[in-house]
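Structure file target21.pdb (PDB, C-alpha atoms) follows.
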MODEL        1
ATOM      1  CA  MET A1107    -203.209  64.249 129.610
ATOM      2  CA  LEU A1108    -203.169  67.045 127.066
ATOM      3  CA  PHE A1109    -205.506  65.195 124.711
ATOM      4  CA  GLU A1110    -208.125  64.760 127.422
ATOM      5  CA  THR A1111    -208.265  68.445 128.324
ATOM      6  CA  ASN A1112    -209.504  69.634 124.947
ATOM      7  CA  PRO A1113    -212.520  67.805 123.397
ATOM      8  CA  ILE A1114    -211.390  68.604 119.821
ATOM      9  CA  LEU A1115    -207.908  67.190 120.457
ATOM     10  CA  GLU A1116    -209.482  64.148 122.101
ATOM     11  CA  LYS A1117    -211.661  63.556 119.020
ATOM     12  CA  ILE A1118    -208.632  63.869 116.701
ATOM     13  CA  ALA A1119    -206.618  61.469 118.875
ATOM     14  CA  ASP A1120    -209.537  58.985 118.808
ATOM     15  CA  VAL A1121    -209.801  59.143 114.997
ATOM     16  CA  ILE A1122    -206.032  58.699 114.528
ATOM     17  CA  GLY A1123    -206.086  55.813 117.002
ATOM     18  CA  LEU A1124    -208.955  54.196 115.095
ATOM     19  CA  ILE A1125    -207.146  54.525 111.731
ATOM     20  CA  ILE A1126    -203.912  53.128 113.164
ATOM     21  CA  ASN A1127    -205.758  50.245 114.823
ATOM     22  CA  PHE A1128    -207.464  49.449 111.508
ATOM     23  CA  LEU A1129    -204.172  49.576 109.551
ATOM     24  CA  LYS A1130    -202.142  47.789 112.250
ATOM     25  CA  PRO A1131    -202.401  44.263 110.763
ATOM     26  CA  TYR A1132    -201.178  45.561 107.381
ATOM     27  CA  ILE A1133    -198.565  48.055 108.593
ATOM     28  CA  ILE A1134    -196.835  45.959 111.256
ATOM     29  CA  PRO A1135    -195.669  43.216 108.807
ATOM     30  CA  ILE A1136    -194.244  45.968 106.572
ATOM     31  CA  GLY A1137    -192.607  47.462 109.659
ATOM     32  CA  LYS A1138    -191.091  44.069 110.517
ATOM     33  CA  TRP A1139    -189.694  43.732 107.004
ATOM     34  CA  MET A1140    -188.273  47.270 107.283
ATOM     35  CA  VAL A1141    -186.644  46.287 110.571
ATOM     36  CA  GLY A1142    -185.015  43.314 108.813
ATOM     37  CA  TRP A1143    -183.159  45.313 106.181
ATOM     38  CA  ILE A1144    -182.432  48.195 108.551
ATOM     39  CA  THR A1145    -180.795  45.804 111.028
ATOM     40  CA  MET A1146    -178.689  44.382 108.222
ATOM     41  CA  LEU A1147    -177.704  47.861 107.002
ATOM     42  CA  LEU A1148    -176.857  49.157 110.483
ATOM     43  CA  GLN A1149    -174.113  46.534 110.819
ATOM     44  CA  PHE A1150    -172.048  48.506 108.321
ATOM     45  CA  PHE A1151    -172.177  51.737 110.317
ATOM     46  CA  PRO A1152    -169.274  52.456 112.684
ATOM     47  CA  GLN A1153    -170.536  52.337 116.250
ATOM     48  CA  HIS A1154    -167.896  54.098 118.306
ATOM     49  CA  ASP A1155    -166.516  56.919 116.215
ATOM     50  CA  LEU A1156    -168.406  60.066 115.276
ATOM     51  CA  THR A1157    -165.626  61.412 113.019
ATOM     52  CA  ILE A1158    -166.810  59.556 109.925
ATOM     53  CA  TYR A1159    -170.365  60.899 110.344
ATOM     54  CA  PHE A1160    -169.031  64.409 110.788
ATOM     55  CA  LEU A1161    -166.882  64.047 107.657
ATOM     56  CA  ILE A1162    -169.868  62.824 105.636
ATOM     57  CA  PHE A1163    -171.883  65.805 106.890
ATOM     58  CA  LEU A1164    -169.122  68.222 105.820
ATOM     59  CA  VAL A1165    -168.733  66.574 102.410
ATOM     60  CA  LEU A1166    -172.493  66.770 101.821
ATOM     61  CA  VAL A1167    -172.739  70.432 102.836
ATOM     62  CA  ILE A1168    -169.677  71.566 100.859
ATOM     63  CA  SER A1169    -170.589  69.629  97.725
ATOM     64  CA  ALA A1170    -174.197  70.881  97.925
ATOM     65  CA  ALA A1171    -172.989  74.467  98.306
ATOM     66  CA  ILE A1172    -170.716  74.163  95.255
ATOM     67  CA  ILE A1173    -173.131  72.233  93.029
ATOM     68  CA  ASN A1174    -176.239  74.254  93.837
ATOM     69  CA  SER A1175    -174.431  77.577  93.524
ATOM     70  CA  LYS A1176    -172.991  76.672  90.157
ATOM     71  CA  TRP A1177    -176.188  75.093  88.823
ATOM     72  CA  PRO A1178    -179.028  76.787  90.713
ATOM     73  CA  GLY A1179    -181.684  75.438  88.361
ATOM     74  CA  ASP A1180    -181.844  78.267  85.828
ATOM     75  CA  LYS A1181    -181.285  77.390  82.212
ATOM     76  CA  PRO A1182    -177.987  78.938  81.078
ATOM     77  CA  LYS A1183    -178.431  81.905  78.702
ATOM     78  CA  ALA A1184    -178.131  81.155  75.035
ATOM     79  CA  VAL A1185    -174.986  82.402  73.302
ATOM     80  CA  SER A1186    -177.130  84.529  70.968
ATOM     81  CA  GLU A1187    -178.623  86.368  73.959
ATOM     82  CA  ILE A1188    -175.173  87.179  75.300
ATOM     83  CA  GLN A1189    -173.671  88.382  72.012
ATOM     84  CA  GLY A1190    -176.801  90.005  70.657
ATOM     85  CA  GLU A1191    -176.321  88.538  67.218
ATOM     86  CA  LYS A1192    -177.893  85.790  65.190
ATOM     87  CA  ILE A1193    -175.860  82.640  65.030
ATOM     88  CA  LYS A1194    -176.460  79.649  62.873
ATOM     89  CA  PRO A1195    -174.658  76.346  62.946
ATOM     90  CA  ALA A1196    -172.201  75.778  60.119
ATOM     91  CA  SER A1197    -171.997  72.517  58.239
ATOM     92  CA  THR A1198    -168.970  71.564  60.322
ATOM     93  CA  GLY A1199    -171.006  71.913  63.507
ATOM     94  CA  VAL A1200    -169.004  74.940  64.683
ATOM     95  CA  MET A1201    -171.069  78.016  65.653
ATOM     96  CA  GLN A1202    -170.126  80.875  63.323
ATOM     97  CA  PRO A1203    -171.534  84.327  62.569
ATOM     98  CA  GLU A1204    -173.557  85.014  59.453
ATOM     99  CA  LYS A1205    -171.902  86.042  56.238
ATOM    100  CA  LYS A1206    -173.556  89.461  56.274
ATOM    101  CA  ASP A1207    -170.930  90.606  58.788
ATOM    102  CA  ILE A1208    -168.334  90.578  56.030
ATOM    103  CA  ASP A1209    -167.646  93.765  54.187
ATOM    104  CA  THR A1210    -169.060  92.858  50.770
ATOM    105  CA  ARG A1211    -167.654  95.970  49.138
ATOM    106  CA  ILE A1212    -164.188  94.452  49.051
ATOM    107  CA  LYS A1213    -164.091  91.667  46.498
ATOM    108  CA  CYS A1214    -161.432  89.295  45.343
ATOM    109  CA  SER A1215    -159.692  90.589  42.241
ATOM    110  CA  SER A1216    -159.284  87.029  41.013
ATOM    111  CA  CYS A1217    -162.667  85.293  41.587
ATOM    112  CA  GLY A1218    -164.916  88.244  42.538
ATOM    113  CA  ASN A1219    -166.243  86.799  45.822
ATOM    114  CA  PRO A1220    -166.606  89.095  48.868
ATOM    115  CA  ILE A1221    -163.534  88.695  51.068
ATOM    116  CA  GLY A1222    -163.618  91.702  53.432
ATOM    117  CA  ASN A1223    -160.240  92.397  55.007
ATOM    118  CA  ALA A1224    -158.874  88.859  54.649
ATOM    119  CA  LYS A1225    -155.206  88.471  53.704
ATOM    120  CA  ASN A1226    -156.036  85.735  51.218
ATOM    121  CA  CYS A1227    -159.262  84.937  49.419
ATOM    122  CA  PRO A1228    -160.876  81.931  51.189
ATOM    123  CA  TYR A1229    -162.390  80.801  47.869
ATOM    124  CA  CYS A1230    -159.467  80.881  45.452
ATOM    125  CA  GLY A1231    -156.504  81.687  47.700
ATOM    126  CA  ALA A1232    -155.487  84.828  45.818
ATOM    127  CA  ILE A1233    -153.675  87.597  47.767
ATOM    128  CA  ASN A1234    -155.910  90.500  48.787
ATOM    129  CA  GLU A1235    -154.289  93.648  47.454
ATOM    130  CA  LYS A1236    -156.432  95.884  49.670
ATOM    131  CA  PHE A1237    -155.554  94.003  52.868
ATOM    132  CA  ASP A1238    -155.063  96.367  55.829
ATOM    133  CA  GLU A1239    -153.200  94.959  58.860
ATOM    134  CA  LYS A1240    -154.418  97.694  61.216
ATOM    135  CA  ALA A1241    -158.086  97.179  60.385
ATOM    136  CA  PRO A1242    -160.187  94.957  62.756
ATOM    137  CA  LYS A1243    -160.374  91.316  61.714
ATOM    138  CA  GLN A1244    -163.510  90.081  59.993
ATOM    139  CA  ASN A1245    -164.907  86.625  59.891
ATOM    140  CA  ILE A1246    -165.307  85.067  56.510
ATOM    141  CA  ASN A1247    -166.733  81.809  55.401
TER     142      ASN A1247
ATOM    143  CA  MET B1000    -184.301  80.389  91.501
ATOM    144  CA  GLY B1001    -181.100  82.094  92.508
ATOM    145  CA  ALA B1002    -178.131  80.447  94.121
ATOM    146  CA  LYS B1003    -178.440  82.670  97.202
ATOM    147  CA  LYS B1004    -182.063  81.693  97.712
ATOM    148  CA  ASN B1005    -181.124  78.006  97.372
ATOM    149  CA  MET B1006    -178.402  78.355 100.006
ATOM    150  CA  PHE B1007    -180.726  80.207 102.356
ATOM    151  CA  ARG B1008    -183.407  77.534 102.040
ATOM    152  CA  GLY B1009    -180.830  74.788 102.575
ATOM    153  CA  THR B1010    -179.415  76.462 105.682
ATOM    154  CA  LEU B1011    -182.875  77.079 107.112
ATOM    155  CA  PHE B1012    -183.972  73.466 106.734
ATOM    156  CA  THR B1013    -180.633  72.176 108.048
ATOM    157  CA  ALA B1014    -181.177  74.273 111.164
ATOM    158  CA  VAL B1015    -184.722  72.888 111.526
ATOM    159  CA  TYR B1016    -183.496  69.299 111.148
ATOM    160  CA  PHE B1017    -180.626  69.960 113.560
ATOM    161  CA  VAL B1018    -183.101  71.114 116.218
ATOM    162  CA  VAL B1019    -185.547  68.270 115.583
ATOM    163  CA  THR B1020    -183.139  65.343 115.167
ATOM    164  CA  ILE B1021    -180.239  66.298 117.455
ATOM    165  CA  LEU B1022    -180.975  69.110 119.862
ATOM    166  CA  ILE B1023    -184.454  68.194 121.155
ATOM    167  CA  PRO B1024    -183.706  64.434 121.613
ATOM    168  CA  PHE B1025    -180.357  65.271 123.231
ATOM    169  CA  LEU B1026    -181.983  67.684 125.697
ATOM    170  CA  THR B1027    -184.821  65.246 126.373
ATOM    171  CA  PHE B1028    -182.508  62.347 127.224
ATOM    172  CA  THR B1029    -180.236  64.585 129.270
ATOM    173  CA  TRP B1030    -183.295  65.753 131.185
ATOM    174  CA  ILE B1031    -184.411  62.148 131.759
ATOM    175  CA  LYS B1032    -180.914  61.191 132.916
ATOM    176  CA  ASN B1033    -180.769  64.034 135.407
ATOM    177  CA  LEU B1034    -184.353  63.630 136.578
ATOM    178  CA  GLY B1035    -183.252  62.196 139.907
ATOM    179  CA  ALA B1036    -185.611  62.303 142.853
ATOM    180  CA  VAL B1037    -189.227  63.250 142.247
ATOM    181  CA  SER B1038    -189.997  66.209 144.461
ATOM    182  CA  GLY B1039    -192.310  65.561 147.383
ATOM    183  CA  SER B1040    -191.764  61.789 147.341
ATOM    184  CA  ASP B1041    -189.139  59.147 148.020
ATOM    185  CA  VAL B1042    -189.210  57.995 144.371
ATOM    186  CA  GLU B1043    -185.903  58.349 142.535
ATOM    187  CA  LEU B1044    -185.597  57.901 138.773
ATOM    188  CA  THR B1045    -182.206  57.068 137.353
ATOM    189  CA  MET B1046    -180.989  56.224 133.861
ATOM    190  CA  ASP B1047    -178.041  53.999 133.057
ATOM    191  CA  SER B1048    -175.182  56.296 131.931
ATOM    192  CA  GLU B1049    -173.917  53.706 129.407
ATOM    193  CA  ARG B1050    -177.317  53.719 127.717
ATOM    194  CA  TYR B1051    -177.390  57.493 127.794
ATOM    195  CA  ARG B1052    -174.015  57.574 126.007
ATOM    196  CA  GLN B1053    -175.268  55.146 123.350
ATOM    197  CA  ILE B1054    -178.431  57.156 122.776
ATOM    198  CA  VAL B1055    -176.476  60.387 122.368
ATOM    199  CA  PHE B1056    -174.037  58.671 119.983
ATOM    200  CA  TRP B1057    -176.741  57.351 117.633
ATOM    201  CA  ILE B1058    -178.724  60.575 117.760
ATOM    202  CA  SER B1059    -175.637  62.611 116.858
ATOM    203  CA  ALA B1060    -174.458  60.171 114.162
ATOM    204  CA  PHE B1061    -177.709  59.868 112.221
ATOM    205  CA  GLY B1062    -178.700  63.430 113.057
ATOM    206  CA  LEU B1063    -175.560  64.670 111.299
ATOM    207  CA  LEU B1064    -176.227  62.517 108.240
ATOM    208  CA  ILE B1065    -179.849  63.686 108.076
ATOM    209  CA  CYS B1066    -178.788  67.340 108.439
ATOM    210  CA  GLY B1067    -176.246  66.962 105.606
ATOM    211  CA  CYS B1068    -178.837  65.371 103.343
ATOM    212  CA  ALA B1069    -181.384  68.032 104.316
ATOM    213  CA  PHE B1070    -178.969  70.750 103.200
ATOM    214  CA  PHE B1071    -178.410  68.996  99.869
ATOM    215  CA  THR B1072    -182.127  68.352  99.354
ATOM    216  CA  TYR B1073    -183.439  71.802 100.201
ATOM    217  CA  SER B1074    -180.658  73.765  98.491
ATOM    218  CA  SER B1075    -181.325  71.908  95.232
ATOM    219  CA  PRO B1076    -183.770  73.390  92.714
ATOM    220  CA  SER B1077    -187.312  72.094  93.074
ATOM    221  CA  GLN B1078    -188.277  69.076  90.954
ATOM    222  CA  SER B1079    -184.637  68.391  90.099
ATOM    223  CA  ILE B1080    -183.236  64.854  90.018
ATOM    224  CA  ARG B1081    -180.665  65.642  92.709
ATOM    225  CA  ARG B1082    -183.439  66.867  95.001
ATOM    226  CA  GLY B1083    -185.463  63.706  94.433
ATOM    227  CA  THR B1084    -182.435  61.485  95.011
ATOM    228  CA  PHE B1085    -181.411  63.142  98.254
ATOM    229  CA  ALA B1086    -185.000  63.296  99.516
ATOM    230  CA  LEU B1087    -185.156  59.518  99.070
ATOM    231  CA  ILE B1088    -181.794  59.025 100.827
ATOM    232  CA  MET B1089    -183.030  61.253 103.636
ATOM    233  CA  ILE B1090    -186.156  59.144 104.166
ATOM    234  CA  ILE B1091    -184.054  55.964 104.320
ATOM    235  CA  LEU B1092    -181.726  57.653 106.827
ATOM    236  CA  ASN B1093    -184.772  58.682 108.851
ATOM    237  CA  CYS B1094    -185.776  55.018 109.049
ATOM    238  CA  LEU B1095    -182.291  54.112 110.282
ATOM    239  CA  TYR B1096    -182.433  56.986 112.759
ATOM    240  CA  ILE B1097    -185.743  55.837 114.202
ATOM    241  CA  TRP B1098    -184.665  52.215 114.418
ATOM    242  CA  SER B1099    -181.319  53.155 115.981
ATOM    243  CA  TYR B1100    -183.332  54.230 119.035
ATOM    244  CA  LYS B1101    -183.852  50.523 119.648
ATOM    245  CA  PHE B1102    -180.123  49.840 119.859
ATOM    246  CA  SER B1103    -179.615  52.818 122.087
ATOM    247  CA  GLY B1104    -182.231  51.469 124.444
ATOM    248  CA  ALA B1105    -184.607  54.370 123.994
ATOM    249  CA  LEU B1106    -187.420  51.999 123.067
ATOM    250  CA  GLU B1107    -187.057  50.079 126.281
ATOM    251  CA  ILE B1108    -186.837  52.847 128.799
ATOM    252  CA  GLU B1109    -186.105  51.503 132.237
ATOM    253  CA  PHE B1110    -186.392  53.497 135.414
ATOM    254  CA  GLN B1111    -184.982  52.438 138.750
ATOM    255  CA  LEU B1112    -187.354  53.223 141.585
ATOM    256  CA  LYS B1113    -186.033  53.664 145.086
ATOM    257  CA  LEU B1114    -188.694  53.914 147.766
ATOM    258  CA  GLY B1115    -186.800  54.264 150.966
ATOM    259  CA  SER B1116    -185.216  50.894 151.696
ATOM    260  CA  ASN B1117    -187.193  49.138 148.894
ATOM    261  CA  SER B1118    -186.260  49.364 145.229
ATOM    262  CA  GLY B1119    -187.768  48.290 141.890
ATOM    263  CA  ALA B1120    -187.807  49.010 138.169
ATOM    264  CA  VAL B1121    -190.323  50.247 135.585
ATOM    265  CA  ALA B1122    -189.781  49.458 131.887
ATOM    266  CA  ILE B1123    -191.619  51.008 128.928
ATOM    267  CA  ASN B1124    -191.477  49.119 125.604
ATOM    268  CA  LEU B1125    -192.178  51.256 122.543
ATOM    269  CA  GLN B1126    -191.151  48.767 119.834
ATOM    270  CA  GLN B1127    -194.712  48.168 118.565
ATOM    271  CA  MET B1128    -195.189  51.883 118.076
ATOM    272  CA  ILE B1129    -191.952  52.097 116.071
ATOM    273  CA  MET B1130    -193.081  49.145 113.922
ATOM    274  CA  ILE B1131    -196.204  51.094 112.944
ATOM    275  CA  TYR B1132    -194.122  54.184 112.331
ATOM    276  CA  LEU B1133    -191.716  52.278 110.065
ATOM    277  CA  GLY B1134    -194.652  50.805 108.160
ATOM    278  CA  ILE B1135    -195.887  54.320 107.467
ATOM    279  CA  TYR B1136    -192.356  55.323 106.473
ATOM    280  CA  PHE B1137    -192.358  52.537 103.886
ATOM    281  CA  LEU B1138    -195.272  54.258 102.166
ATOM    282  CA  THR B1139    -193.262  57.512 102.202
ATOM    283  CA  ILE B1140    -190.348  55.692 100.533
ATOM    284  CA  ILE B1141    -192.725  54.561  97.760
ATOM    285  CA  LEU B1142    -193.951  58.149  97.313
ATOM    286  CA  LYS B1143    -190.417  59.553  97.114
ATOM    287  CA  THR B1144    -189.392  56.855  94.631
ATOM    288  CA  TYR B1145    -192.400  57.769  92.480
ATOM    289  CA  ASP B1146    -191.363  61.445  92.701
ATOM    290  CA  LEU B1147    -187.839  60.619  91.562
ATOM    291  CA  ILE B1148    -189.100  58.551  88.610
ATOM    292  CA  ASP B1149    -191.477  61.391  87.726
ATOM    293  CA  PHE B1150    -188.632  63.952  87.803
ATOM    294  CA  ILE B1151    -186.525  61.765  85.504
ATOM    295  CA  ALA B1152    -189.348  60.881  83.091
ATOM    296  CA  ASN B1153    -190.746  64.414  82.773
ATOM    297  CA  ARG B1154    -187.427  66.232  82.841
ATOM    298  CA  LYS B1155    -188.090  68.141  79.617
ATOM    299  CA  LYS B1156    -191.556  69.315  80.696
ATOM    300  CA  ILE B1157    -190.290  70.394  84.125
ATOM    301  CA  ARG B1158    -187.453  72.388  82.550
ATOM    302  CA  GLU B1159    -189.786  74.088  80.080
ATOM    303  CA  SER B1160    -192.242  75.117  82.792
ATOM    304  CA  ARG B1161    -189.360  76.365  84.942
ATOM    305  CA  ILE B1162    -188.022  78.527  82.092
ATOM    306  CA  LYS B1163    -191.532  79.868  81.444
ATOM    307  CA  LYS B1164    -191.830  80.859  85.087
ATOM    308  CA  GLU B1165    -188.433  82.565  85.010
ATOM    309  CA  LYS B1166    -189.399  84.506  81.884
ATOM    310  CA  ARG B1167    -192.687  85.600  83.456
ATOM    311  CA  LYS B1168    -190.782  86.906  86.489
ATOM    312  CA  ARG B1169    -188.515  88.989  84.260
TER     313      ARG B1169
ENDMDL
END

Hey, can you dump this file as structure tokens for me?
Amino acid sequence: MLFETNPILEKIADVIGLIINFLKPYIIPIGKWMVGWITMLLQFFPQHDLTIYFLIFLVLVISAAIINSKWPGDKPKAVSEIQGEKIKPASTGVMQPEKKDIDTRIKCSSCGNPIGNAKNCPYCGAINEKFDEKAPKQNIN
Amino acid sequence: MGAKKNMFRGTLFTAVYFVVTILIPFLTFTWIKNLGAVSGSDVELTMDSERYRQIVFWISAFGLLICGCAFFTYSSPSQSIRRGTFALIMIILNCLYIWSYKFSGALEIEFQLKLGSNSGAVAINLQQMIMIYLGIYFLTIILKTYDLIDFIANRKKIRESRIKKEKRKR
């Protein structure tokens, strides 16, 4: 035997044998209980057709590939990191840019609040006389 | 942890499990079946072909399930709930795999001996050994369950430490 040729291996085999012999009275009842539920569970497994096992294997591999590629365990980047701008939650719960983005030089002729290039003043609803359709849109709160 | 690395790890471990749970047992039983006459003697060892078919069936069936679970487990990020869940399922499947050897007859190996005009049989019963093995497996199930509970309970801490690690790498 392989274990008898090398004295170190023989010693290791003896120690493992001793441990197992010591634990045998405790482990075997657990093993018997395991056998009980395993026998019950095995009744539900198909015993003549490998197709179902192959299908389960394919489903597991494909779903794992999709799930673990899409969510590989990294935390998704914050929106602020992507856009490079500070964002604070509005009272409505919708993420909106800060007011400082608005061109404060253009003010409403009616109420005097900064309105940027908005068509109507968001505060009083007055028409913006300096509104330019070609200019890029600005966010206003 | 990148997606590519996850997939590579999953594939690697699936290959390992395929070799260990399907290929090696399949080759071993095929070798036993085809052992035939022992050279230099009149002793002939034969294995029932019906039993051989059963053994190969159970090995392939549970081997496939274990390989699928191994791919899911090892391609998942470490300390994630999905990893813990599938590791636990894999251990339970391992128990079924080991015990299925009993139904296939692998635990009661019987050899037909033919010595010239006389014949006889030798049977080896390995059920006690499997009982011990299953007992040890029960302890592994407890460990994996503890792991899963730990992953769920300390989810926030695990995530934070993972993000810290990622930042340090960058």

Discussion item. Need to verify the contact set: stretch 1059-1063 of chain B, 6 Å, all atoms listed in the file, exclusion of same-chain residues closer than 6 positions in sequence. Can you return it as a list in words?
Written reply: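 That gives Tyr1159 and Phe1163 of chain A; Thr1020, Ile1021 and Tyr1096 of chain B.
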
For those residues, write C-alpha atoms to a file as a compact mmCIF listing (two decimals), in the coordinates of the input.
# COMPACT_ATOMS: atom_id res chain seq x y z
CA TYR A 1159 -170.36 60.90 110.34
CA PHE A 1163 -171.88 65.81 106.89
CA THR B 1020 -183.14 65.34 115.17
CA ILE B 1021 -180.24 66.30 117.46
CA TYR B 1096 -182.43 56.99 112.76

Would you tabulate, counting only C-alpha atoms, all residues of chain B that have an atom at most 10 Å from an atom of chain A, showing the closest pair of atoms and their distance in Å to one decimal, sorted by chain then ascending number, as a Markdown table?
| residue | atom | partner | partner_atom | distance |
| --- | --- | --- | --- | --- |
| B:Met1000 | CA | A:Gly1179 | CA | 6.4 |
| B:Gly1001 | CA | A:Pro1178 | CA | 6.0 |
| B:Ala1002 | CA | A:Ser1175 | CA | 4.7 |
| B:Lys1003 | CA | A:Ser1175 | CA | 7.5 |
| B:Lys1004 | CA | A:Pro1178 | CA | 9.1 |
| B:Asn1005 | CA | A:Pro1178 | CA | 7.1 |
| B:Met1006 | CA | A:Ala1171 | CA | 6.9 |
| B:Gly1009 | CA | A:Ala1171 | CA | 8.9 |
| B:Thr1010 | CA | A:Val1167 | CA | 9.4 |
| B:Thr1013 | CA | A:Val1167 | CA | 9.6 |
| B:Gln1053 | CA | A:Gln1153 | CA | 9.0 |
| B:Phe1056 | CA | A:Leu1156 | CA | 7.5 |
| B:Trp1057 | CA | A:Gln1153 | CA | 8.1 |
| B:Ser1059 | CA | A:Leu1156 | CA | 7.8 |
| B:Ala1060 | CA | A:Tyr1159 | CA | 5.6 |
| B:Phe1061 | CA | A:Tyr1159 | CA | 7.6 |
| B:Gly1062 | CA | A:Tyr1159 | CA | 9.1 |
| B:Leu1063 | CA | A:Phe1163 | CA | 5.9 |
| B:Leu1064 | CA | A:Phe1163 | CA | 5.6 |
| B:Ile1065 | CA | A:Phe1163 | CA | 8.3 |
| B:Cys1066 | CA | A:Phe1163 | CA | 7.2 |
| B:Gly1067 | CA | A:Phe1163 | CA | 4.7 |
| B:Cys1068 | CA | A:Leu1166 | CA | 6.7 |
| B:Ala1069 | CA | A:Val1167 | CA | 9.1 |
| B:Phe1070 | CA | A:Val1167 | CA | 6.2 |
| B:Phe1071 | CA | A:Ala1170 | CA | 5.0 |
| B:Thr1072 | CA | A:Ala1170 | CA | 8.4 |
| B:Tyr1073 | CA | A:Ala1170 | CA | 9.6 |
| B:Ser1074 | CA | A:Asn1174 | CA | 6.4 |
| B:Ser1075 | CA | A:Asn1174 | CA | 5.8 |
| B:Pro1076 | CA | A:Gly1179 | CA | 5.2 |
| B:Ser1077 | CA | A:Gly1179 | CA | 8.1 |
| B:Gln1078 | CA | A:Gly1179 | CA | 9.5 |
| B:Ser1079 | CA | A:Gly1179 | CA | 7.8 |
| B:Arg1081 | CA | A:Asn1174 | CA | 9.7 |
| B:Ile1091 | CA | A:Ile1144 | CA | 9.0 |
| B:Leu1092 | CA | A:Ile1144 | CA | 9.6 |
| B:Cys1094 | CA | A:Ile1144 | CA | 7.6 |
| B:Leu1095 | CA | A:Ile1144 | CA | 6.2 |
| B:Tyr1096 | CA | A:Ile1144 | CA | 9.7 |
| B:Trp1098 | CA | A:Val1141 | CA | 7.3 |
| B:Ser1099 | CA | A:Leu1148 | CA | 8.1 |
| B:Phe1102 | CA | A:Thr1145 | CA | 9.7 |
| B:Gln1127 | CA | A:Ile1134 | CA | 7.9 |
| B:Met1128 | CA | A:Ile1134 | CA | 9.2 |
| B:Ile1129 | CA | A:Gly1137 | CA | 7.9 |
| B:Met1130 | CA | A:Gly1137 | CA | 4.6 |
| B:Ile1131 | CA | A:Ile1134 | CA | 5.4 |
| B:Tyr1132 | CA | A:Gly1137 | CA | 7.4 |
| B:Leu1133 | CA | A:Gly1137 | CA | 4.9 |
| B:Gly1134 | CA | A:Gly1137 | CA | 4.2 |
| B:Ile1135 | CA | A:Ile1133 | CA | 6.9 |
| B:Tyr1136 | CA | A:Gly1137 | CA | 8.5 |
| B:Phe1137 | CA | A:Ile1136 | CA | 7.3 |
| B:Leu1138 | CA | A:Ile1136 | CA | 9.4 |
| B:Arg1158 | CA | A:Lys1181 | CA | 7.9 |
| B:Glu1159 | CA | A:Lys1181 | CA | 9.4 |
| B:Arg1161 | CA | A:Asp1180 | CA | 7.8 |
| B:Ile1162 | CA | A:Lys1181 | CA | 6.8 |
| B:Glu1165 | CA | A:Asp1180 | CA | 7.9 |

On this structure, which residues satisfy the PyMOL selection byres ((chain A and resi 1219) around 12), written as a PDB file with C-alpha atoms, in the frame of the given file?
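The result, written out as selection_21.pdb:
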ATOM      1  CA  LYS A1205    -171.902  86.042  56.238  1.00  0.00           C
ATOM      2  CA  ILE A1208    -168.334  90.578  56.030  1.00  0.00           C
ATOM      3  CA  ASP A1209    -167.646  93.765  54.187  1.00  0.00           C
ATOM      4  CA  THR A1210    -169.060  92.858  50.770  1.00  0.00           C
ATOM      5  CA  ARG A1211    -167.654  95.970  49.138  1.00  0.00           C
ATOM      6  CA  ILE A1212    -164.188  94.452  49.051  1.00  0.00           C
ATOM      7  CA  LYS A1213    -164.091  91.667  46.498  1.00  0.00           C
ATOM      8  CA  CYS A1214    -161.432  89.295  45.343  1.00  0.00           C
ATOM      9  CA  SER A1215    -159.692  90.589  42.241  1.00  0.00           C
ATOM     10  CA  SER A1216    -159.284  87.029  41.013  1.00  0.00           C
ATOM     11  CA  CYS A1217    -162.667  85.293  41.587  1.00  0.00           C
ATOM     12  CA  GLY A1218    -164.916  88.244  42.538  1.00  0.00           C
ATOM     13  CA  PRO A1220    -166.606  89.095  48.868  1.00  0.00           C
ATOM     14  CA  ILE A1221    -163.534  88.695  51.068  1.00  0.00           C
ATOM     15  CA  GLY A1222    -163.618  91.702  53.432  1.00  0.00           C
ATOM     16  CA  ALA A1224    -158.874  88.859  54.649  1.00  0.00           C
ATOM     17  CA  ASN A1226    -156.036  85.735  51.218  1.00  0.00           C
ATOM     18  CA  CYS A1227    -159.262  84.937  49.419  1.00  0.00           C
ATOM     19  CA  PRO A1228    -160.876  81.931  51.189  1.00  0.00           C
ATOM     20  CA  TYR A1229    -162.390  80.801  47.869  1.00  0.00           C
ATOM     21  CA  CYS A1230    -159.467  80.881  45.452  1.00  0.00           C
ATOM     22  CA  GLY A1231    -156.504  81.687  47.700  1.00  0.00           C
ATOM     23  CA  ALA A1232    -155.487  84.828  45.818  1.00  0.00           C
ATOM     24  CA  ASN A1234    -155.910  90.500  48.787  1.00  0.00           C
ATOM     25  CA  ILE A1246    -165.307  85.067  56.510  1.00  0.00           C
ATOM     26  CA  ASN A1247    -166.733  81.809  55.401  1.00  0.00           C
TER      27      ASN A1247
END

Centre and size of axis-aligned box enclosing stretch 1068-1086 of chain B plus 4 Å each side, as lines of an AutoDock Vina configuration file:
center_x = -183.3
center_y = 67.6
center_z = 97.2
size_x = 17.9
size_y = 20.3
size_z = 22.3

Practice prompt. Mind giving me the straight-line distance from atom CA of B:Leu1022 to atom CA of B:Thr1144 in Å, one decimal?
Written response: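 Those two atoms sit 29.3 Å apart.
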
Item to complete: One decimal, Å: what's the distance from atom CA of A:Asn1223 over to atom CA of A:Phe1237, could you say?
Response: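 About the pair atom CA of A:Asn1223 and atom CA of A:Phe1237: they are 5.4 Å apart.
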
Practice prompt. Give me, please, the distance in Å between atom CA of B:Ala1014 and atom CA of B:Ile1058, quoted to one decimal.
Written response: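 Atom-to-atom, atom CA of B:Ala1014 to atom CA of B:Ile1058, that is 15.4 Å.
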
Item to complete: Run the PyMOL selection byres ((chain B and resi 1087) around 10) mentally over the shown coordinates, then write out the matched residues as a PyMOL selection string, using the chain letters and numbers from the document.
Response: chain B and resi 1068+1072+1081-1086+1088-1093+1139-1147
